[in-house]
Amino acid sequence: MAHPISTTYLDVQEARAYAILPAAGAWDATPTEMACPGFDHVLLYVSYIEGAVVGGAVDIRIDVSPDSLGTVWHQGTAYSVGAVVAGADTVSNFQREEISYDPTGVAREYFVFGPVALNGTVERLRVVAQESGQVGTPGQCEIEARFQ
């Protein structure tokens, strides 16, 4: 028996429906929480089109939770290895990360981000988006998450 089209499988989930981003550069207020227990990686398929004014861009942020319930979210980070010098300790840096995409044209553009390592330790994931270019005329964004 075939499954109905509306069936959601854990390995393919809609992280953000195709819709206009919030006004004034605000982050999505109620991002979709996706269950992802036991998965090792996620690949994000993103599409974005500028709003009415050229110069739009979109930022995304990946938040994860080690708990299946709860309100605590941990933001993804970027890591930079410090220079190694003989006879001195190395200082490396890491910081919370937001990913920014600036389109090359005015048509809807499609891009992939990842894979992001989950290593079977993440129970829930959400991807939050905001207009970061022309915040007065936000573009439209859609994000599909594929877990493995």
# chains A, B, ... in the order shown; residues from 1 in each chain; ligands from 1

call {"tool": "residues_around", "arguments": {"residues": "Val54 in chain A", "least_positions_apart": "5", "cutoff": "9 Å", "atoms": "only C-alpha atoms", "output": "JSON, numbers by chain"}}
result
{"A": [105, 106, 133, 134]}

call {"tool": "closest_residue", "arguments": {"among": "A:Ser65, A:Thr137, A:Asn93, A:Thr71", "to": "Cys36 in chain A", "atoms": "only C-alpha atoms"}}
result
A:Ser65

call {"tool": "closest_residue", "arguments": {"among": "A:Gly25, A:Gly120, A:Gly55, A:Pro138", "to": "Asp40 in chain A", "atoms": "only C-alpha atoms"}}
result
A:Gly120

call {"tool": "closest_residue", "arguments": {"among": "A:Ala19, A:Leu44, A:Met34, A:Ala24", "to": "Pro115 in chain A", "atoms": "only C-alpha atoms"}}
result
A:Leu44

call {"tool": "select_by_dssp", "arguments": {"residues": "chain A", "states": "strand (DSSP E)", "output": "PyMOL selection string"}}
result
chain A and resi 12-20+34-35+41-49+58-65+74-75+77-80+93-96+99-101+109-117+124-131+140-147

call {"tool": "closest_residue", "arguments": {"among": "A:Gln148, A:Ser47, A:Gln13, A:Ser68", "to": "Phe113 in chain A", "atoms": "only C-alpha atoms"}}
result
A:Ser47

call {"tool": "atom_distance", "arguments": {"atom1": "CA of Ala78 in chain A", "atom2": "CA of Gly38 in chain A"}}
result
22.9 Å

call {"tool": "residues_around", "arguments": {"residues": "Phe39 in chain A", "least_positions_apart": "3", "cutoff": "12 Å", "atoms": "only C-alpha atoms", "output": "MDAnalysis selection string"}}
result
chainID A and resid 10:12 34:36 42:43 115:125 145:148

call {"tool": "write_last_selection", "arguments": {"atoms": "N, CA and C atoms", "output": "mmCIF file, in the first residue's frame"}}
result
data_model
loop_
_atom_site.group_PDB
_atom_site.id
_atom_site.type_symbol
_atom_site.label_atom_id
_atom_site.label_comp_id
_atom_site.auth_asym_id
_atom_site.auth_seq_id
_atom_site.Cartn_x
_atom_site.Cartn_y
_atom_site.Cartn_z
ATOM 1 N N LEU A 10 11.572 10.720 8.645
ATOM 2 C CA LEU A 10 12.610 11.400 9.395
ATOM 3 C C LEU A 10 13.812 11.771 8.542
ATOM 4 N N ASP A 11 14.110 11.003 7.481
ATOM 5 C CA ASP A 11 15.308 11.308 6.701
ATOM 6 C C ASP A 11 15.139 12.480 5.734
ATOM 7 N N VAL A 12 13.915 12.887 5.410
ATOM 8 C CA VAL A 12 13.663 14.058 4.571
ATOM 9 C C VAL A 12 12.591 14.889 5.259
ATOM 10 N N MET A 34 12.759 19.676 13.972
ATOM 11 C CA MET A 34 12.801 18.382 13.289
ATOM 12 C C MET A 34 13.443 17.341 14.191
ATOM 13 N N ALA A 35 12.753 16.220 14.363
ATOM 14 C CA ALA A 35 13.325 15.103 15.112
ATOM 15 C C ALA A 35 14.386 14.439 14.242
ATOM 16 N N CYS A 36 15.537 14.136 14.850
ATOM 17 C CA CYS A 36 16.613 13.510 14.065
ATOM 18 C C CYS A 36 17.461 12.563 14.916
ATOM 19 N N VAL A 42 23.390 15.879 8.306
ATOM 20 C CA VAL A 42 22.264 16.522 7.645
ATOM 21 C C VAL A 42 22.823 17.391 6.523
ATOM 22 N N LEU A 43 22.127 17.385 5.389
ATOM 23 C CA LEU A 43 22.462 18.214 4.246
ATOM 24 C C LEU A 43 21.263 19.124 4.018
ATOM 25 N N PRO A 115 27.608 18.593 4.219
ATOM 26 C CA PRO A 115 26.854 18.024 5.339
ATOM 27 C C PRO A 115 27.351 18.530 6.691
ATOM 28 N N VAL A 116 26.432 18.635 7.608
ATOM 29 C CA VAL A 116 26.721 19.010 8.991
ATOM 30 C C VAL A 116 26.754 17.720 9.809
ATOM 31 N N ALA A 117 27.837 17.499 10.536
ATOM 32 C CA ALA A 117 27.992 16.276 11.335
ATOM 33 C C ALA A 117 27.108 16.337 12.575
ATOM 34 N N LEU A 118 26.307 15.302 12.778
ATOM 35 C CA LEU A 118 25.468 15.168 13.969
ATOM 36 C C LEU A 118 25.972 14.032 14.862
ATOM 37 N N ASN A 119 26.624 13.064 14.243
ATOM 38 C CA ASN A 119 27.250 11.938 14.947
ATOM 39 C C ASN A 119 26.328 11.193 15.906
ATOM 40 N N GLY A 120 25.052 11.135 15.573
ATOM 41 C CA GLY A 120 24.103 10.387 16.391
ATOM 42 C C GLY A 120 23.843 10.982 17.758
ATOM 43 N N THR A 121 24.250 12.241 17.985
ATOM 44 C CA THR A 121 24.133 12.855 19.313
ATOM 45 C C THR A 121 23.088 13.961 19.384
ATOM 46 N N VAL A 122 22.407 14.241 18.286
ATOM 47 C CA VAL A 122 21.419 15.320 18.242
ATOM 48 C C VAL A 122 20.022 14.709 18.177
ATOM 49 N N GLU A 123 19.132 15.153 19.043
ATOM 50 C CA GLU A 123 17.751 14.663 19.043
ATOM 51 C C GLU A 123 16.835 15.528 18.180
ATOM 52 N N ARG A 124 17.078 16.839 18.180
ATOM 53 C CA ARG A 124 16.248 17.766 17.410
ATOM 54 C C ARG A 124 17.146 18.807 16.751
ATOM 55 N N LEU A 125 16.688 19.307 15.602
ATOM 56 C CA LEU A 125 17.419 20.326 14.867
ATOM 57 C C LEU A 125 16.421 21.311 14.299
ATOM 58 N N ALA A 145 15.696 19.544 4.685
ATOM 59 C CA ALA A 145 16.777 18.846 5.390
ATOM 60 C C ALA A 145 16.741 17.372 5.026
ATOM 61 N N ARG A 146 17.899 16.842 4.646
ATOM 62 C CA ARG A 146 18.033 15.406 4.358
ATOM 63 C C ARG A 146 19.027 14.822 5.331
ATOM 64 N N PHE A 147 18.539 13.916 6.147
ATOM 65 C CA PHE A 147 19.343 13.287 7.191
ATOM 66 C C PHE A 147 19.856 11.933 6.736
ATOM 67 N N GLN A 148 21.028 11.582 7.206
ATOM 68 C CA GLN A 148 21.587 10.256 6.928
ATOM 69 C C GLN A 148 22.281 9.738 8.164
#

call {"tool": "closest_residue", "arguments": {"among": "A:Val84, A:Leu21, A:Ile99, A:Val127", "to": "Glu33 in chain A", "atoms": "only C-alpha atoms"}}
result
A:Val127

call {"tool": "residues_around", "arguments": {"residues": "Ser132 in chain A", "least_positions_apart": "3", "cutoff": "7 Å", "atoms": "only C-alpha atoms", "output": "ChimeraX atom specification"}}
result
/A:25,56-59,135

call {"tool": "closest_residue", "arguments": {"among": "A:Ile62, A:Val72, A:Ile143, A:Ala129", "to": "Ala23 in chain A", "atoms": "only C-alpha atoms"}}
result
A:Ala129
